[in-house]
$ cat structure.pdb   # PDB, C-alpha atoms, pLDDT in the B column
ATOM      1  CA  MET A 250     109.287 112.686 117.949  1.00 57.00           C
ATOM      2  CA  ASN A 251     112.395 114.335 116.529  1.00 62.00           C
ATOM      3  CA  SER A 252     112.741 115.459 112.935  1.00 58.00           C
ATOM      4  CA  ASN A 253     115.379 112.768 112.290  1.00 72.00           C
ATOM      5  CA  SER A 254     112.836 110.096 113.164  1.00 91.00           C
ATOM      6  CA  ILE A 255     112.645 107.246 110.663  1.00 88.00           C
ATOM      7  CA  LYS A 256     108.880 107.179 111.179  1.00 91.00           C
ATOM      8  CA  LEU A 257     108.552 110.834 110.184  1.00 92.00           C
ATOM      9  CA  LYS A 258     110.757 110.300 107.123  1.00 93.00           C
ATOM     10  CA  ILE A 259     108.598 107.381 106.014  1.00 94.00           C
ATOM     11  CA  ILE A 260     105.326 109.272 106.508  1.00 95.00           C
ATOM     12  CA  ASP A 261     106.657 112.345 104.725  1.00 95.00           C
ATOM     13  CA  ARG A 262     107.831 110.323 101.739  1.00 96.00           C
ATOM     14  CA  LEU A 263     104.613 108.298 101.471  1.00 97.00           C
ATOM     15  CA  ASN A 264     102.492 111.455 101.705  1.00 97.00           C
ATOM     16  CA  THR A 265     104.533 113.030  98.904  1.00 97.00           C
ATOM     17  CA  VAL A 266     104.425 110.028  96.573  1.00 97.00           C
ATOM     18  CA  PHE A 267     100.977 108.521  97.202  1.00 98.00           C
ATOM     19  CA  ARG A 268      98.868 111.482  98.408  1.00 97.00           C
ATOM     20  CA  PRO A 269      96.979 109.033 100.633  1.00 97.00           C
ATOM     21  CA  LEU A 270      93.391 109.438 101.719  1.00 96.00           C
ATOM     22  CA  TYR A 271      94.432 107.718 104.934  1.00 95.00           C
ATOM     23  CA  ILE A 272      97.789 106.698 106.379  1.00 95.00           C
ATOM     24  CA  ASP A 273      98.824 105.162 109.661  1.00 94.00           C
ATOM     25  CA  LEU A 274     102.359 104.022 110.440  1.00 93.00           C
ATOM     26  CA  ILE A 275     102.694 102.139 113.697  1.00 90.00           C
ATOM     27  CA  ASN A 276     106.094 101.612 115.256  1.00 87.00           C
ATOM     28  CA  GLU A 277     105.996  98.016 116.489  1.00 83.00           C
ATOM     29  CA  SER A 278     109.649  97.845 117.473  1.00 73.00           C
ATOM     30  CA  HIS A 279     108.709  97.530 121.154  1.00 64.00           C
ATOM     31  CA  MET A 280     107.255  94.100 120.288  1.00 67.00           C
ATOM     32  CA  HIS A 281     110.688  92.836 119.270  1.00 59.00           C
ATOM     33  CA  ASN A 282     114.041  92.172 120.865  1.00 65.00           C
ATOM     34  CA  VAL A 283     115.556  95.572 120.073  1.00 64.00           C
ATOM     35  CA  PRO A 284     116.842  98.477 122.174  1.00 64.00           C
ATOM     36  CA  GLU A 285     114.302 100.866 123.713  1.00 75.00           C
ATOM     37  CA  ASN A 286     113.106 103.652 121.355  1.00 71.00           C
ATOM     38  CA  SER A 287     114.141 101.691 118.264  1.00 67.00           C
ATOM     39  CA  GLU A 288     112.557 102.361 114.886  1.00 70.00           C
ATOM     40  CA  THR A 289     113.093  99.054 113.140  1.00 69.00           C
ATOM     41  CA  HIS A 290     109.691  97.358 112.851  1.00 75.00           C
ATOM     42  CA  PHE A 291     106.632  99.100 111.410  1.00 88.00           C
ATOM     43  CA  LYS A 292     103.076  98.336 110.316  1.00 90.00           C
ATOM     44  CA  LEU A 293     101.711 100.539 107.520  1.00 94.00           C
ATOM     45  CA  ILE A 294      98.075 101.073 106.598  1.00 94.00           C
ATOM     46  CA  ILE A 295      97.785 103.284 103.534  1.00 96.00           C
ATOM     47  CA  VAL A 296      94.842 104.151 101.294  1.00 96.00           C
ATOM     48  CA  SER A 297      95.605 105.730  97.930  1.00 97.00           C
ATOM     49  CA  ASP A 298      93.857 105.680  94.592  1.00 96.00           C
ATOM     50  CA  LEU A 299      97.305 105.228  93.033  1.00 97.00           C
ATOM     51  CA  PHE A 300      96.922 101.558  94.055  1.00 97.00           C
ATOM     52  CA  LYS A 301      93.872 101.114  91.848  1.00 96.00           C
ATOM     53  CA  ASP A 302      94.337  98.271  89.334  1.00 96.00           C
ATOM     54  CA  LEU A 303      97.694  97.246  90.862  1.00 97.00           C
ATOM     55  CA  SER A 304      98.347  93.779  92.260  1.00 97.00           C
ATOM     56  CA  LEU A 305      99.337  93.446  95.898  1.00 95.00           C
ATOM     57  CA  VAL A 306     102.933  92.719  94.861  1.00 97.00           C
ATOM     58  CA  LYS A 307     103.091  95.845  92.664  1.00 98.00           C
ATOM     59  CA  ARG A 308     101.668  97.980  95.479  1.00 98.00           C
ATOM     60  CA  HIS A 309     104.307  96.752  97.897  1.00 96.00           C
ATOM     61  CA  GLN A 310     107.040  97.225  95.307  1.00 97.00           C
ATOM     62  CA  LYS A 311     105.928 100.833  94.793  1.00 97.00           C
ATOM     63  CA  VAL A 312     106.032 101.504  98.537  1.00 97.00           C
ATOM     64  CA  TYR A 313     109.508  99.976  98.859  1.00 94.00           C
ATOM     65  CA  GLU A 314     110.665 101.905  95.787  1.00 95.00           C
ATOM     66  CA  SER A 315     109.316 105.181  97.175  1.00 96.00           C
ATOM     67  CA  LEU A 316     111.203 104.720 100.447  1.00 94.00           C
ATOM     68  CA  GLY A 317     114.540 104.149  98.712  1.00 92.00           C
ATOM     69  CA  THR A 318     117.494 104.103 101.101  1.00 91.00           C
ATOM     70  CA  THR A 319     115.261 104.634 104.146  1.00 88.00           C
ATOM     71  CA  MET A 320     114.504 100.907 103.868  1.00 88.00           C
ATOM     72  CA  GLU A 321     118.135 100.216 104.823  1.00 87.00           C
ATOM     73  CA  ASN A 322     117.233 101.365 108.373  1.00 84.00           C
ATOM     74  CA  ILE A 323     114.149  99.177 108.703  1.00 85.00           C
ATOM     75  CA  HIS A 324     114.173  95.517 109.640  1.00 81.00           C
ATOM     76  CA  ALA A 325     110.485  94.868 108.949  1.00 82.00           C
ATOM     77  CA  LEU A 326     107.612  96.704 107.285  1.00 90.00           C
ATOM     78  CA  SER A 327     104.233  95.007 107.133  1.00 90.00           C
ATOM     79  CA  MET A 328     101.785  96.673 104.779  1.00 92.00           C
ATOM     80  CA  SER A 329      98.072  96.919 104.200  1.00 92.00           C
ATOM     81  CA  THR A 330      97.639  98.813 100.929  1.00 95.00           C
ATOM     82  CA  TYR A 331      94.197  99.783  99.645  1.00 95.00           C
ATOM     83  CA  ASN A 332      92.526 101.985  97.134  1.00 95.00           C
ATOM     84  CA  LYS A 333      89.547 103.985  98.432  1.00 94.00           C
ATOM     85  CA  ASP A 334      86.872 101.530  97.287  1.00 93.00           C
ATOM     86  CA  GLU A 335      88.651  98.514  98.812  1.00 92.00           C
ATOM     87  CA  TYR A 336      89.164 100.253 102.131  1.00 91.00           C
ATOM     88  CA  GLU A 337      85.553 101.359 102.369  1.00 90.00           C
ATOM     89  CA  LEU A 338      84.313  97.844 101.544  1.00 88.00           C
ATOM     90  CA  ASN A 339      86.542  95.788 103.814  1.00 78.00           C
ATOM     91  CA  PRO A 340      89.645  97.123 105.543  1.00 67.00           C
ATOM     92  CA  LYS A 341      91.514  94.029 106.737  1.00 65.00           C
ATOM     93  CA  ILE A 342      94.007  95.184 109.315  1.00 68.00           C
ATOM     94  CA  ILE A 343      95.676  92.247 110.980  1.00 62.00           C
ATOM     95  CA  ASP A 344      97.076  92.461 114.496  1.00 63.00           C
ATOM     96  CA  SER A 345     100.797  91.772 114.610  1.00 61.00           C
ATOM     97  CA  PRO A 346     102.025  88.889 116.757  1.00 55.00           C
ATOM     98  CA  GLU A 347     104.582  89.334 119.514  1.00 58.00           C
ATOM     99  CA  CYS A 348     108.122  88.482 118.451  1.00 58.00           C
ATOM    100  CA  ALA A 349     109.247  84.988 119.485  1.00 53.00           C
ATOM    101  CA  ASN A 350     112.670  86.384 120.483  1.00 57.00           C
ATOM    102  CA  LYS A 351     111.399  89.097 122.833  1.00 52.00           C
TER     103      LYS A 351
END

$ encode --input "structure.pdb" --output "C-alpha coordinates"
Amino acid sequence: MNSNSIKLKIIDRLNTVFRPLYIDLINESHMHNVPENSETHFKLIIVSDLFKDLSLVKRHQKVYESLGTTMENIHALSMSTYNKDEYELNPKIIDSPECANK
(Lines of atoms letter the chains of each structure in order from A and count residues from 1; the text may use other names and numbers.)
(Lines give C-alpha, C1' and ligand atoms only; values in the text may rest on other atoms or scores of the structure.)
Protein backbone atom coordinates (compact mmCIF):
# COMPACT_ATOMS: atom_id res chain seq x y z
CA MET A 1 0.00 0.00 0.00
CA ASN A 2 1.55 3.31 -1.00
CA SER A 3 1.89 6.28 1.32
CA ASN A 4 -0.65 8.26 -0.75
CA SER A 5 -3.27 5.61 -0.01
CA ILE A 6 -6.60 7.00 1.16
CA LYS A 7 -6.86 4.07 3.56
CA LEU A 8 -3.55 4.95 5.21
CA LYS A 9 -4.55 8.62 5.48
CA ILE A 10 -7.81 7.65 7.17
CA ILE A 11 -6.14 5.27 9.63
CA ASP A 12 -3.43 7.80 10.46
CA ARG A 13 -5.94 10.55 11.13
CA LEU A 14 -8.24 8.35 13.23
CA ASN A 15 -5.29 7.07 15.28
CA THR A 16 -4.20 10.66 15.94
CA VAL A 17 -7.64 11.97 16.91
CA PHE A 18 -9.25 9.01 18.71
CA ARG A 19 -6.28 7.02 20.08
CA PRO A 20 -8.33 3.86 19.50
CA LEU A 21 -8.00 0.68 21.50
CA TYR A 22 -8.89 -1.13 18.29
CA ILE A 23 -9.29 -0.01 14.69
CA ASP A 24 -9.98 -1.86 11.47
CA LEU A 25 -10.63 -0.15 8.15
CA ILE A 26 -11.73 -2.49 5.39
CA ASN A 27 -11.62 -1.37 1.79
CA GLU A 28 -14.86 -2.72 0.31
CA SER A 29 -14.51 -0.97 -3.03
CA HIS A 30 -14.09 -4.32 -4.81
CA MET A 31 -17.73 -5.04 -3.89
CA HIS A 32 -18.90 -2.10 -6.00
CA ASN A 33 -18.93 -1.06 -9.62
CA VAL A 34 -15.67 0.90 -9.51
CA PRO A 35 -12.28 0.56 -11.21
CA GLU A 36 -9.83 -2.03 -9.87
CA ASN A 37 -7.73 -0.84 -6.88
CA SER A 38 -10.22 1.91 -6.03
CA GLU A 39 -10.44 3.36 -2.53
CA THR A 40 -13.99 4.64 -2.48
CA HIS A 41 -15.98 2.37 -0.16
CA PHE A 42 -14.85 1.52 3.38
CA LYS A 43 -16.13 -0.17 6.53
CA LEU A 44 -14.71 1.17 9.80
CA ILE A 45 -14.69 -0.57 13.17
CA ILE A 46 -13.23 1.69 15.83
CA VAL A 47 -13.11 1.42 19.62
CA SER A 48 -12.25 4.55 21.58
CA ASP A 49 -13.17 5.78 25.02
CA LEU A 50 -13.66 9.21 23.42
CA PHE A 51 -17.04 7.82 22.27
CA LYS A 52 -18.20 7.31 25.85
CA ASP A 53 -21.48 9.15 26.55
CA LEU A 54 -21.87 10.21 22.90
CA SER A 55 -24.88 9.27 20.79
CA LEU A 56 -24.33 7.26 17.63
CA VAL A 57 -24.97 10.38 15.53
CA LYS A 58 -22.39 12.41 17.49
CA ARG A 59 -19.82 9.62 17.14
CA HIS A 60 -20.27 9.53 13.38
CA GLN A 61 -20.15 13.31 13.17
CA LYS A 62 -16.84 13.31 15.07
CA VAL A 63 -15.37 10.73 12.69
CA TYR A 64 -16.50 12.69 9.63
CA GLU A 65 -15.19 15.92 11.18
CA SER A 66 -11.82 14.34 11.95
CA LEU A 67 -11.40 13.19 8.34
CA GLY A 68 -12.06 16.65 6.92
CA THR A 69 -11.34 16.92 3.19
CA THR A 70 -10.34 13.24 2.95
CA MET A 71 -14.09 12.54 2.91
CA GLU A 72 -14.26 14.23 -0.50
CA ASN A 73 -12.44 11.16 -1.92
CA ILE A 74 -14.75 8.60 -0.33
CA HIS A 75 -18.10 7.55 -1.72
CA ALA A 76 -19.19 5.48 1.29
CA LEU A 77 -18.00 4.94 4.85
CA SER A 78 -19.96 2.58 7.06
CA MET A 79 -19.06 2.80 10.73
CA SER A 80 -19.25 0.73 13.87
CA THR A 81 -18.15 3.02 16.71
CA TYR A 82 -17.77 1.72 20.26
CA ASN A 83 -16.32 2.64 23.57
CA LYS A 84 -14.33 -0.11 25.31
CA ASP A 85 -17.19 -1.35 27.50
CA GLU A 86 -19.65 -1.57 24.59
CA TYR A 87 -17.19 -3.45 22.41
CA GLU A 88 -16.36 -5.96 25.12
CA LEU A 89 -20.06 -6.57 25.84
CA ASN A 90 -21.38 -6.93 22.30
CA PRO A 91 -19.45 -5.94 19.19
CA LYS A 92 -22.05 -5.87 16.41
CA ILE A 93 -20.16 -5.93 13.15
CA ILE A 94 -22.51 -6.32 10.24
CA ASP A 95 -21.43 -7.90 6.97
CA SER A 96 -21.77 -5.53 4.03
CA PRO A 97 -24.00 -6.57 1.14
CA GLU A 98 -22.76 -6.79 -2.43
CA CYS A 99 -23.53 -3.70 -4.50
CA ALA A 100 -26.61 -4.06 -6.72
CA ASN A 101 -24.75 -2.32 -9.58
CA LYS A 102 -21.70 -4.60 -9.61

$ residues_around --input "structure.pdb" --residues "range 311-319 of chain A" --least-positions-apart "2" --cutoff "8 Å" --atoms "all atoms listed in the file" --output "short mmCIF file (atom, residue, chain, number, x, y, z; two decimals) with C-alpha atoms, in the frame of the given file"
data_model
loop_
_atom_site.label_atom_id
_atom_site.label_comp_id
_atom_site.auth_asym_id
_atom_site.auth_seq_id
_atom_site.Cartn_x
_atom_site.Cartn_y
_atom_site.Cartn_z
CA ILE A 255 112.64 107.25 110.66
CA LYS A 258 110.76 110.30 107.12
CA ILE A 259 108.60 107.38 106.01
CA ARG A 262 107.83 110.32 101.74
CA LEU A 263 104.61 108.30 101.47
CA VAL A 266 104.42 110.03 96.57
CA LYS A 307 103.09 95.84 92.66
CA ARG A 308 101.67 97.98 95.48
CA HIS A 309 104.31 96.75 97.90
CA GLU A 321 118.14 100.22 104.82
CA ASN A 322 117.23 101.36 108.37
CA ILE A 323 114.15 99.18 108.70
#

$ closest_residue --input "structure.pdb" --among "A:Ser304, A:Met328, A:His290, A:Gln310" --to "Ile272 in chain A" --atoms "all atoms listed in the file"
A:Met328

$ closest_residue --input "structure.pdb" --among "A:Asn253, A:Arg268, A:Ser278, A:Asp261" --to "Ile295 in chain A" --atoms "all atoms listed in the file"
A:Arg268

$ closest_residue --input "structure.pdb" --among "A:Leu293, A:Ile260, A:Leu270, A:Leu299" --to "Leu326 in chain A" --atoms "only C-alpha atoms"
A:Leu293

$ resolve_selection --input "structure.pdb" --expression "the PyMOL selection byres ((chain A and resi 333) around 9)" --output "list in words"
Leu270, Tyr271, Val296, Ser297, Asp298, Phe300, Lys301, Tyr331, Asn332, Asp334, Glu335, Tyr336, Glu337 and Leu338 of chain A

$ resolve_selection --input "structure.pdb" --expression "the PyMOL selection byres ((chain A and resi 275) around 7)" --output "PyMOL selection string"
chain A and resi 273-274+276-277+291-293

$ write_last_selection --input "structure.pdb" --atoms "C-alpha atoms" --output "short mmCIF file (atom, residue, chain, number, x, y, z; two decimals), keeping the file's coordinate frame"
data_model
loop_
_atom_site.label_atom_id
_atom_site.label_comp_id
_atom_site.auth_asym_id
_atom_site.auth_seq_id
_atom_site.Cartn_x
_atom_site.Cartn_y
_atom_site.Cartn_z
CA ASP A 273 98.82 105.16 109.66
CA LEU A 274 102.36 104.02 110.44
CA ASN A 276 106.09 101.61 115.26
CA GLU A 277 106.00 98.02 116.49
CA PHE A 291 106.63 99.10 111.41
CA LYS A 292 103.08 98.34 110.32
CA LEU A 293 101.71 100.54 107.52
#

$ atom_distance --input "structure.pdb" --atom1 "CA of Lys256 in chain A" --atom2 "CA of Glu288 in chain A"
7.1 Å

$ atom_distance --input "structure.pdb" --atom1 "CA of Pro269 in chain A" --atom2 "CA of His324 in chain A"
23.7 Å

$ build_atoms --input "structure.pdb" --residues "range 254-265 of chain A" --atoms "all heavy atoms" --output "JSON list (two decimals), in the coordinates of the input"
[["chain", "number", "residue", "atom", "x", "y", "z"],
["A", 254, "SER", "N", 113.55, 111.34, 112.95],
["A", 254, "SER", "CA", 112.84, 110.10, 113.16],
["A", 254, "SER", "C", 112.61, 109.36, 111.83],
["A", 254, "SER", "O", 112.20, 109.96, 110.84],
["A", 254, "SER", "CB", 111.49, 110.41, 113.82],
["A", 254, "SER", "OG", 110.56, 109.41, 113.61],
["A", 255, "ILE", "N", 112.89, 108.07, 111.86],
["A", 255, "ILE", "CA", 112.64, 107.25, 110.66],
["A", 255, "ILE", "C", 111.15, 107.25, 110.34],
["A", 255, "ILE", "O", 110.76, 107.35, 109.18],
["A", 255, "ILE", "CB", 113.18, 105.82, 110.87],
["A", 255, "ILE", "CG1", 114.71, 105.85, 110.96],
["A", 255, "ILE", "CG2", 112.72, 104.90, 109.76],
["A", 255, "ILE", "CD1", 115.34, 104.55, 111.39],
["A", 256, "LYS", "N", 110.33, 107.17, 111.39],
["A", 256, "LYS", "CA", 108.88, 107.18, 111.18],
["A", 256, "LYS", "C", 108.44, 108.43, 110.44],
["A", 256, "LYS", "O", 107.67, 108.36, 109.48],
["A", 256, "LYS", "CB", 108.15, 107.06, 112.52],
["A", 256, "LYS", "CG", 106.65, 107.03, 112.39],
["A", 256, "LYS", "CD", 105.96, 106.84, 113.72],
["A", 256, "LYS", "CE", 104.45, 106.86, 113.53],
["A", 256, "LYS", "NZ", 103.75, 106.58, 114.80],
["A", 257, "LEU", "N", 108.92, 109.58, 110.86],
["A", 257, "LEU", "CA", 108.55, 110.83, 110.18],
["A", 257, "LEU", "C", 109.04, 110.87, 108.74],
["A", 257, "LEU", "O", 108.34, 111.36, 107.86],
["A", 257, "LEU", "CB", 109.09, 112.04, 110.95],
["A", 257, "LEU", "CG", 108.40, 112.37, 112.26],
["A", 257, "LEU", "CD1", 109.05, 113.59, 112.91],
["A", 257, "LEU", "CD2", 106.91, 112.62, 112.05],
["A", 258, "LYS", "N", 110.23, 110.35, 108.50],
["A", 258, "LYS", "CA", 110.76, 110.30, 107.12],
["A", 258, "LYS", "C", 109.87, 109.43, 106.24],
["A", 258, "LYS", "O", 109.58, 109.78, 105.09],
["A", 258, "LYS", "CB", 112.19, 109.77, 107.13],
["A", 258, "LYS", "CG", 113.19, 110.74, 107.67],
["A", 258, "LYS", "CD", 114.58, 110.14, 107.68],
["A", 258, "LYS", "CE", 115.56, 111.09, 108.36],
["A", 258, "LYS", "NZ", 116.91, 110.54, 108.45],
["A", 259, "ILE", "N", 109.45, 108.29, 106.78],
["A", 259, "ILE", "CA", 108.60, 107.38, 106.01],
["A", 259, "ILE", "C", 107.26, 108.05, 105.70],
["A", 259, "ILE", "O", 106.81, 108.05, 104.55],
["A", 259, "ILE", "CB", 108.37, 106.06, 106.79],
["A", 259, "ILE", "CG1", 109.67, 105.28, 106.90],
["A", 259, "ILE", "CG2", 107.29, 105.22, 106.11],
["A", 259, "ILE", "CD1", 109.60, 104.11, 107.87],
["A", 260, "ILE", "N", 106.63, 108.62, 106.71],
["A", 260, "ILE", "CA", 105.33, 109.27, 106.51],
["A", 260, "ILE", "C", 105.43, 110.41, 105.50],
["A", 260, "ILE", "O", 104.60, 110.55, 104.61],
["A", 260, "ILE", "CB", 104.75, 109.75, 107.85],
["A", 260, "ILE", "CG1", 104.34, 108.55, 108.69],
["A", 260, "ILE", "CG2", 103.56, 110.68, 107.64],
["A", 260, "ILE", "CD1", 103.94, 108.88, 110.11],
["A", 261, "ASP", "N", 106.47, 111.22, 105.64],
["A", 261, "ASP", "CA", 106.66, 112.34, 104.72],
["A", 261, "ASP", "C", 106.80, 111.85, 103.28],
["A", 261, "ASP", "O", 106.15, 112.38, 102.38],
["A", 261, "ASP", "CB", 107.89, 113.15, 105.14],
["A", 261, "ASP", "CG", 108.09, 114.36, 104.25],
["A", 261, "ASP", "OD1", 107.15, 115.18, 104.15],
["A", 261, "ASP", "OD2", 109.18, 114.49, 103.66],
["A", 262, "ARG", "N", 107.61, 110.84, 103.10],
["A", 262, "ARG", "CA", 107.83, 110.32, 101.74],
["A", 262, "ARG", "C", 106.55, 109.71, 101.16],
["A", 262, "ARG", "O", 106.20, 109.96, 100.00],
["A", 262, "ARG", "CB", 108.96, 109.29, 101.76],
["A", 262, "ARG", "CG", 109.38, 108.85, 100.40],
["A", 262, "ARG", "CD", 110.08, 109.95, 99.65],
["A", 262, "ARG", "NE", 110.31, 109.51, 98.29],
["A", 262, "ARG", "CZ", 110.14, 110.26, 97.22],
["A", 262, "ARG", "NH1", 109.80, 111.52, 97.34],
["A", 262, "ARG", "NH2", 110.34, 109.78, 96.03],
["A", 263, "LEU", "N", 105.85, 108.93, 101.95],
["A", 263, "LEU", "CA", 104.61, 108.30, 101.47],
["A", 263, "LEU", "C", 103.54, 109.34, 101.17],
["A", 263, "LEU", "O", 102.81, 109.21, 100.19],
["A", 263, "LEU", "CB", 104.11, 107.27, 102.49],
["A", 263, "LEU", "CG", 105.01, 106.05, 102.70],
["A", 263, "LEU", "CD1", 104.47, 105.18, 103.82],
["A", 263, "LEU", "CD2", 105.18, 105.26, 101.41],
["A", 264, "ASN", "N", 103.44, 110.37, 101.98],
["A", 264, "ASN", "CA", 102.49, 111.46, 101.70],
["A", 264, "ASN", "C", 102.83, 112.15, 100.39],
["A", 264, "ASN", "O", 101.93, 112.48, 99.61],
["A", 264, "ASN", "CB", 102.48, 112.48, 102.84],
["A", 264, "ASN", "CG", 101.59, 112.07, 103.99],
["A", 264, "ASN", "OD1", 100.54, 111.47, 103.79],
["A", 264, "ASN", "ND2", 102.01, 112.39, 105.20],
["A", 265, "THR", "N", 104.10, 112.37, 100.14],
["A", 265, "THR", "CA", 104.53, 113.03, 98.90],
["A", 265, "THR", "C", 104.23, 112.18, 97.68],
["A", 265, "THR", "O", 103.70, 112.67, 96.68],
["A", 265, "THR", "CB", 106.05, 113.33, 98.97],
["A", 265, "THR", "OG1", 106.29, 114.20, 100.07],
["A", 265, "THR", "CG2", 106.54, 113.98, 97.69]]
